[in-house]
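Participant: Right, I'll just put the structure down here and ask away after.
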Amino acid sequence: MAGAGRVWRLGALLLPPAWRLRAPGRAFGAAAGRGGSSGGRLVLGAAFALGGTAGLCLAARQRLREHSAAELPAGSLQLTLYQYKTCPFCSKVRAFLDYHGLPYEIVEVNPIMRKEIKFSSYRKVPILLANAGSPLQLNDSSVIISAIKTYLVSRRNSLEEIVSFYPPVKTVTEKGKEVVEYENKYWLMLDEKETKRVYPVKEVRVEEMKWRKWADDWLVHLISPNVYRTPKEALASFDYIVREGKFGTLEGLFAKYVGAVAMFFVSKRLKKRHQLRDDVREDLYQAVNEWVKAVGKNRLFMGGNQPNLADLAVYGVLRVMEGLEAFDDMMAHTNIQPWYQRMEEVIEKTGVAI
């Protein structure tokens, strides 16, 4: 479920009404596997619609609206985001783009057939098509964010040159599976003067990179075991996924009922894989409070008076649970609410609804 990116050419307690009034559900997901029968493909496709590479993640209720890149002035960065509405890594990218006030078009991808991205040899989402003079395809959320942020801060290099600083590296896991990782994915490619402007002291940069990586490597893996914790929660999650995702009628029915059962059991395997406690809520609460402690009492955000890339990453992951039981429990039993509300407010001030 990670979000780095390669570039390719081309409720126990009652909560305040503000939380309870939200439309149910944001989805969750991860690629549980590939191949098999058509039925298996439907289940796995539904699961993939919910996330990244390691587990199912709850998808955020879509409150963003489409913004036409054609409305941008000549020479501006024109963006098209190919996404699953329920993907936490897509949610990360949307949070970043919206906070920076960047208009973009959205193309919702069918998680089973994926015809919308048939042009691409890279078969995951998010995919961002960017045109800053010449068309370019960026894949994987963390590199998308790092590359676009670098481009916004420094116009010395073309976007194509910037993304070349994030090369893919193939590795083989202990199980013999070949995977692709991306070098430098949490780095902004800036010169010394630009670096001083963005990161006044070295520790600021180190902290941001540490927590961006934490969001990808740990926080994301707590979502699926929590949103699929019980059969009831799994069914509620898939009900939202089917209603909000791009499914056909039969696909949706199959995904809702068979997928919910399948993902309930998958979540148990994920729980074991990541060595979570019997009550996975406790791991979620601990992680969230660890983040709040890192932000501290004297800062509005980890970035100070404004969010930095770590704030946006953590917010993007957590908001995919909005409207679900796991989200309500998190708000009731952790200290995250003040920071989370500030994140909502500061992004909404950009004039782009998420």
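Letters for chains follow the order of the structure tokens (A, B, ...), residue numbers begin at 1 for each chain, and ligand numbers begin at 1 in the order shown.
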Residues within 8 Å of Leu270 in chain A, please, as a ChimeraX atom specification. Count only C-alpha atoms; anything in the same chain fewer than 4 positions from it doesn't count.

Facilitator: /A:55,221,224-225,266,274

Participant: Go ahead and write the selection's residues with all heavy atoms as a tab-separated table (two decimals), in the first residue's frame.

Facilitator:
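out_25.tsv written:
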```tsv
chain	number	residue	atom	x	y	z
A	55	GLY	N	-2.43	-4.16	2.03
A	55	GLY	CA	-3.63	-4.44	2.78
A	55	GLY	C	-4.74	-3.55	2.36
A	55	GLY	O	-4.55	-2.65	1.61
A	221	HIS	N	-0.87	0.28	7.09
A	221	HIS	CA	-1.14	-1.13	7.36
A	221	HIS	C	-2.06	-1.36	8.55
A	221	HIS	O	-2.46	-2.50	8.82
A	221	HIS	CB	0.19	-1.86	7.57
A	221	HIS	CG	1.09	-1.79	6.39
A	221	HIS	ND1	0.69	-2.19	5.14
A	221	HIS	CD2	2.37	-1.35	6.25
A	221	HIS	CE1	1.68	-2.01	4.28
A	221	HIS	NE2	2.70	-1.48	4.92
A	224	SER	N	-6.71	-1.49	7.16
A	224	SER	CA	-7.52	-2.65	6.79
A	224	SER	C	-7.92	-3.53	7.97
A	224	SER	O	-9.08	-3.90	8.10
A	224	SER	CB	-6.80	-3.50	5.75
A	224	SER	OG	-6.65	-2.77	4.57
A	225	PRO	N	-6.96	-3.91	8.85
A	225	PRO	CA	-7.38	-4.71	9.99
A	225	PRO	C	-8.42	-4.03	10.86
A	225	PRO	O	-9.21	-4.70	11.53
A	225	PRO	CB	-6.06	-4.91	10.76
A	225	PRO	CG	-5.00	-4.81	9.71
A	225	PRO	CD	-5.51	-3.74	8.78
A	266	VAL	N	-9.05	-11.80	5.12
A	266	VAL	CA	-7.76	-11.21	4.71
A	266	VAL	C	-7.23	-10.30	5.82
A	266	VAL	O	-6.03	-10.28	6.10
A	266	VAL	CB	-7.93	-10.43	3.40
A	266	VAL	CG1	-6.71	-9.54	3.14
A	266	VAL	CG2	-8.12	-11.38	2.22
A	274	HIS	N	1.54	-8.22	10.27
A	274	HIS	CA	2.11	-7.00	10.84
A	274	HIS	C	2.21	-7.06	12.37
A	274	HIS	O	2.49	-6.05	13.00
A	274	HIS	CB	1.28	-5.80	10.40
A	274	HIS	CG	1.28	-5.61	8.92
A	274	HIS	ND1	2.42	-5.30	8.20
A	274	HIS	CD2	0.28	-5.72	8.00
A	274	HIS	CE1	2.12	-5.21	6.92
A	274	HIS	NE2	0.83	-5.46	6.76
```

Participant: Quick one: pick out all alpha helix (DSSP H) residues within range 150-214 of chain A from a backbone DSSP run and write them as a PyMOL selection string.

Facilitator: chain A and resi 150-153+159-163+192-198+202-214

Participant: Rounded to one decimal, what separation in Å do you get between CA of Lys115 in chain A and CA of Val172 in chain A?

Facilitator: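 Here the two named atoms are 29.0 Å from each other.
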
Participant: Which polymer residues have any atom within 8 Å of an atom of range 159-170 of chain A, counting only C-alpha atoms, with same-chain residues fewer than 2 positions away left out, as a list in words?

Facilitator: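 Here the answer would be Gly5, Arg6, Val7, Ala132, Leu136, Leu138, Val143, Ala147, Ile148, Thr150, Tyr151, Asn157, Val172, Glu178, Val179, Val180, Glu181, Tyr182, Glu183, Asn184, Lys185 and Met189 of chain A.
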
Participant: Using only C-alpha atoms, can you tell me which of A:Gln337, A:Ser134, A:Gln83, A:Ser142 comes closest to Trp214 in chain A?

Facilitator: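 Among the listed residues, the smallest separation from Trp214 in chain A belongs to A:Ser142.
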
Participant: Would you pick out the contacts of Ser76 in chain A at 12 Å or less, using only C-alpha atoms, so that residues sharing its chain but fewer than 5 positions from it are not included, and give the list as a list in words?

Facilitator: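 My list of contacting residues is Ala69, Ala70, Glu71, Leu102, Pro103, Tyr104, Ala130, Asn131, Ala132, Gly133, Ser134, Tyr151, Leu152, Arg155 and Leu159 of chain A.
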
Participant: Name all residues at most 8 Å from Phe264 in chain A (count only C-alpha atoms; drop same-chain ones fewer than 5 positions away) and give them as a PyMOL selection string.

Facilitator: chain A and resi 228-231+234

Participant: Please produce an output containing N, CA and C atoms for each residue in the selection, written as a PDB file, in the first residue's frame.

Facilitator:
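Produced file part00.pdb, reproduced below:
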```pdb
ATOM      1  N   TYR A 228     -11.996  -3.727   8.599  1.00  0.00           N
ATOM      2  CA  TYR A 228     -12.585  -5.050   8.364  1.00  0.00           C
ATOM      3  C   TYR A 228     -12.535  -5.897   9.633  1.00  0.00           C
ATOM      4  N   ARG A 229     -12.498  -5.255  10.769  1.00  0.00           N
ATOM      5  CA  ARG A 229     -12.278  -5.948  12.042  1.00  0.00           C
ATOM      6  C   ARG A 229     -13.340  -6.982  12.337  1.00  0.00           C
ATOM      7  N   THR A 230     -14.589  -6.677  12.059  1.00  0.00           N
ATOM      8  CA  THR A 230     -15.708  -7.585  12.297  1.00  0.00           C
ATOM      9  C   THR A 230     -16.494  -7.763  11.001  1.00  0.00           C
ATOM     10  N   PRO A 231     -17.288  -8.840  10.897  1.00  0.00           N
ATOM     11  CA  PRO A 231     -18.120  -8.999   9.690  1.00  0.00           C
ATOM     12  C   PRO A 231     -19.018  -7.788   9.438  1.00  0.00           C
ATOM     13  N   ALA A 234     -16.906  -5.026   8.009  1.00  0.00           N
ATOM     14  CA  ALA A 234     -16.492  -5.364   6.644  1.00  0.00           C
ATOM     15  C   ALA A 234     -17.632  -5.124   5.664  1.00  0.00           C
TER      16      ALA A 234
END
```

Participant: What is the distance, in Å and to one decimal place, between CA of Ala310 in chain A and CA of Val280 in chain A?

Facilitator: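 Pair CA of Ala310 in chain A / CA of Val280 in chain A returns 23.6 Å.
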
Participant: Can you tell me, as a list in words, which residues in range 90-270 of chain A count as strand (DSSP E) by DSSP?

Facilitator: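 Residues meeting the strand (DSSP E) criterion: Glu105, Ile106, Val107, Glu108, Ile127, Leu128, Leu129, Ala130, Asn131, Pro135, Leu136, Gln137, Leu138, Asn139, Pro168, Val169, Lys170, Thr171, Val172, Glu178, Val179, Val180, Glu181 and Tyr182 of chain A.
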
Participant: Next, write the just-selected residues to a file, as a compact mmCIF listing (two decimals), in the first residue's frame, keeping N, CA, C and O atoms as the atom set.

Facilitator:
```txt
# COMPACT_ATOMS: atom_id res chain seq x y z
N GLU A 105 -8.09 17.37 -13.14
CA GLU A 105 -9.23 16.56 -13.54
C GLU A 105 -9.11 15.19 -12.88
O GLU A 105 -8.00 14.71 -12.62
N ILE A 106 -10.25 14.55 -12.65
CA ILE A 106 -10.27 13.23 -12.05
C ILE A 106 -10.86 12.23 -13.03
O ILE A 106 -11.91 12.49 -13.63
N VAL A 107 -10.20 11.11 -13.19
CA VAL A 107 -10.74 9.99 -13.94
C VAL A 107 -10.86 8.82 -12.98
O VAL A 107 -9.85 8.33 -12.46
N GLU A 108 -12.08 8.39 -12.70
CA GLU A 108 -12.32 7.27 -11.80
C GLU A 108 -12.10 5.97 -12.57
O GLU A 108 -12.64 5.76 -13.64
N ILE A 127 -2.23 7.34 -10.74
CA ILE A 127 -1.42 7.77 -11.87
C ILE A 127 -1.75 9.23 -12.10
O ILE A 127 -2.91 9.61 -12.12
N LEU A 128 -0.73 10.03 -12.27
CA LEU A 128 -0.94 11.45 -12.53
C LEU A 128 -0.33 11.79 -13.88
O LEU A 128 0.87 11.59 -14.10
N LEU A 129 -1.18 12.26 -14.79
CA LEU A 129 -0.70 12.78 -16.06
C LEU A 129 -0.47 14.28 -15.88
O LEU A 129 -1.38 15.01 -15.49
N ALA A 130 0.75 14.71 -16.15
CA ALA A 130 1.11 16.11 -15.95
C ALA A 130 1.63 16.69 -17.26
O ALA A 130 2.42 16.06 -17.95
N ASN A 131 1.19 17.89 -17.56
CA ASN A 131 1.65 18.57 -18.76
C ASN A 131 2.14 19.96 -18.36
O ASN A 131 1.35 20.83 -18.01
N PRO A 135 3.80 16.23 -22.24
CA PRO A 135 3.07 15.28 -21.38
C PRO A 135 4.01 14.30 -20.69
O PRO A 135 5.02 13.88 -21.25
N LEU A 136 3.66 13.97 -19.46
CA LEU A 136 4.48 13.07 -18.64
C LEU A 136 3.56 12.29 -17.72
O LEU A 136 2.58 12.82 -17.21
N GLN A 137 3.88 11.03 -17.50
CA GLN A 137 3.10 10.19 -16.58
C GLN A 137 3.91 9.94 -15.32
O GLN A 137 5.05 9.48 -15.39
N LEU A 138 3.29 10.23 -14.18
CA LEU A 138 3.93 9.98 -12.89
C LEU A 138 3.11 8.93 -12.17
O LEU A 138 1.88 9.01 -12.12
N ASN A 139 3.81 7.95 -11.58
CA ASN A 139 3.14 6.86 -10.88
C ASN A 139 3.60 6.79 -9.43
O ASN A 139 4.77 7.05 -9.14
N PRO A 168 13.44 3.97 -10.61
CA PRO A 168 12.95 2.71 -10.05
C PRO A 168 14.10 1.72 -9.87
O PRO A 168 15.04 1.66 -10.67
N VAL A 169 14.03 0.95 -8.81
CA VAL A 169 15.03 -0.08 -8.53
C VAL A 169 14.30 -1.38 -8.24
O VAL A 169 13.45 -1.45 -7.34
N LYS A 170 14.63 -2.42 -8.99
CA LYS A 170 13.99 -3.72 -8.79
C LYS A 170 14.74 -4.52 -7.73
O LYS A 170 15.97 -4.60 -7.74
N THR A 171 13.96 -5.08 -6.81
CA THR A 171 14.53 -5.94 -5.77
C THR A 171 13.70 -7.22 -5.68
O THR A 171 12.59 -7.30 -6.22
N VAL A 172 14.25 -8.22 -5.01
CA VAL A 172 13.55 -9.50 -4.83
C VAL A 172 13.34 -9.72 -3.34
O VAL A 172 14.28 -9.62 -2.54
N GLU A 178 9.56 -10.33 -7.20
CA GLU A 178 10.23 -9.12 -7.66
C GLU A 178 9.36 -7.91 -7.42
O GLU A 178 8.18 -7.90 -7.78
N VAL A 179 9.91 -6.90 -6.80
CA VAL A 179 9.18 -5.67 -6.51
C VAL A 179 10.01 -4.48 -6.98
O VAL A 179 11.22 -4.59 -7.17
N VAL A 180 9.34 -3.39 -7.20
CA VAL A 180 10.01 -2.17 -7.63
C VAL A 180 9.93 -1.13 -6.52
O VAL A 180 8.85 -0.85 -6.00
N GLU A 181 11.04 -0.60 -6.14
CA GLU A 181 11.10 0.48 -5.16
C GLU A 181 11.68 1.69 -5.88
O GLU A 181 12.23 1.59 -6.97
N TYR A 182 11.55 2.85 -5.24
CA TYR A 182 11.96 4.09 -5.89
C TYR A 182 12.94 4.85 -5.01
O TYR A 182 12.67 5.10 -3.84
```

Participant: Neighbours of Lys297 in chain A within 12 Å (only C-alpha atoms; same-chain residues fewer than 4 positions away dropped), as a ChimeraX atom specification?

Facilitator: /A:291-293,301-302,304,335-336,338-339

Participant: Residues at most 10 Å from Thr350 in chain A, counting only C-alpha atoms, excluding those fewer than 2 positions away in the same chain, as a VMD selection string?

Facilitator: chain A and resid 98 to 102 345 to 348 352 to 353

Participant: Compare A:Phe254, A:Val295, A:Val320, A:Asn226 by their minimum atom-to-atom distance to Asp278 in chain A, counting only C-alpha atoms, and give me the closest one.

Facilitator: A:Asn226

Participant: From the options A:Arg156, A:Lys213, A:Arg243, A:Arg299, which residue's atoms come nearest to Glu194 in chain A, counting only C-alpha atoms?

Facilitator: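 Of all the options, A:Arg156 lies closest to Glu194 in chain A.
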
Participant: For the atom pair CA of Leu97 in chain A and CA of Leu79 in chain A, what is the interatomic distance in Å to one decimal place?

Facilitator: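 Calculated distance between CA of Leu97 in chain A and CA of Leu79 in chain A is 9.6 Å.
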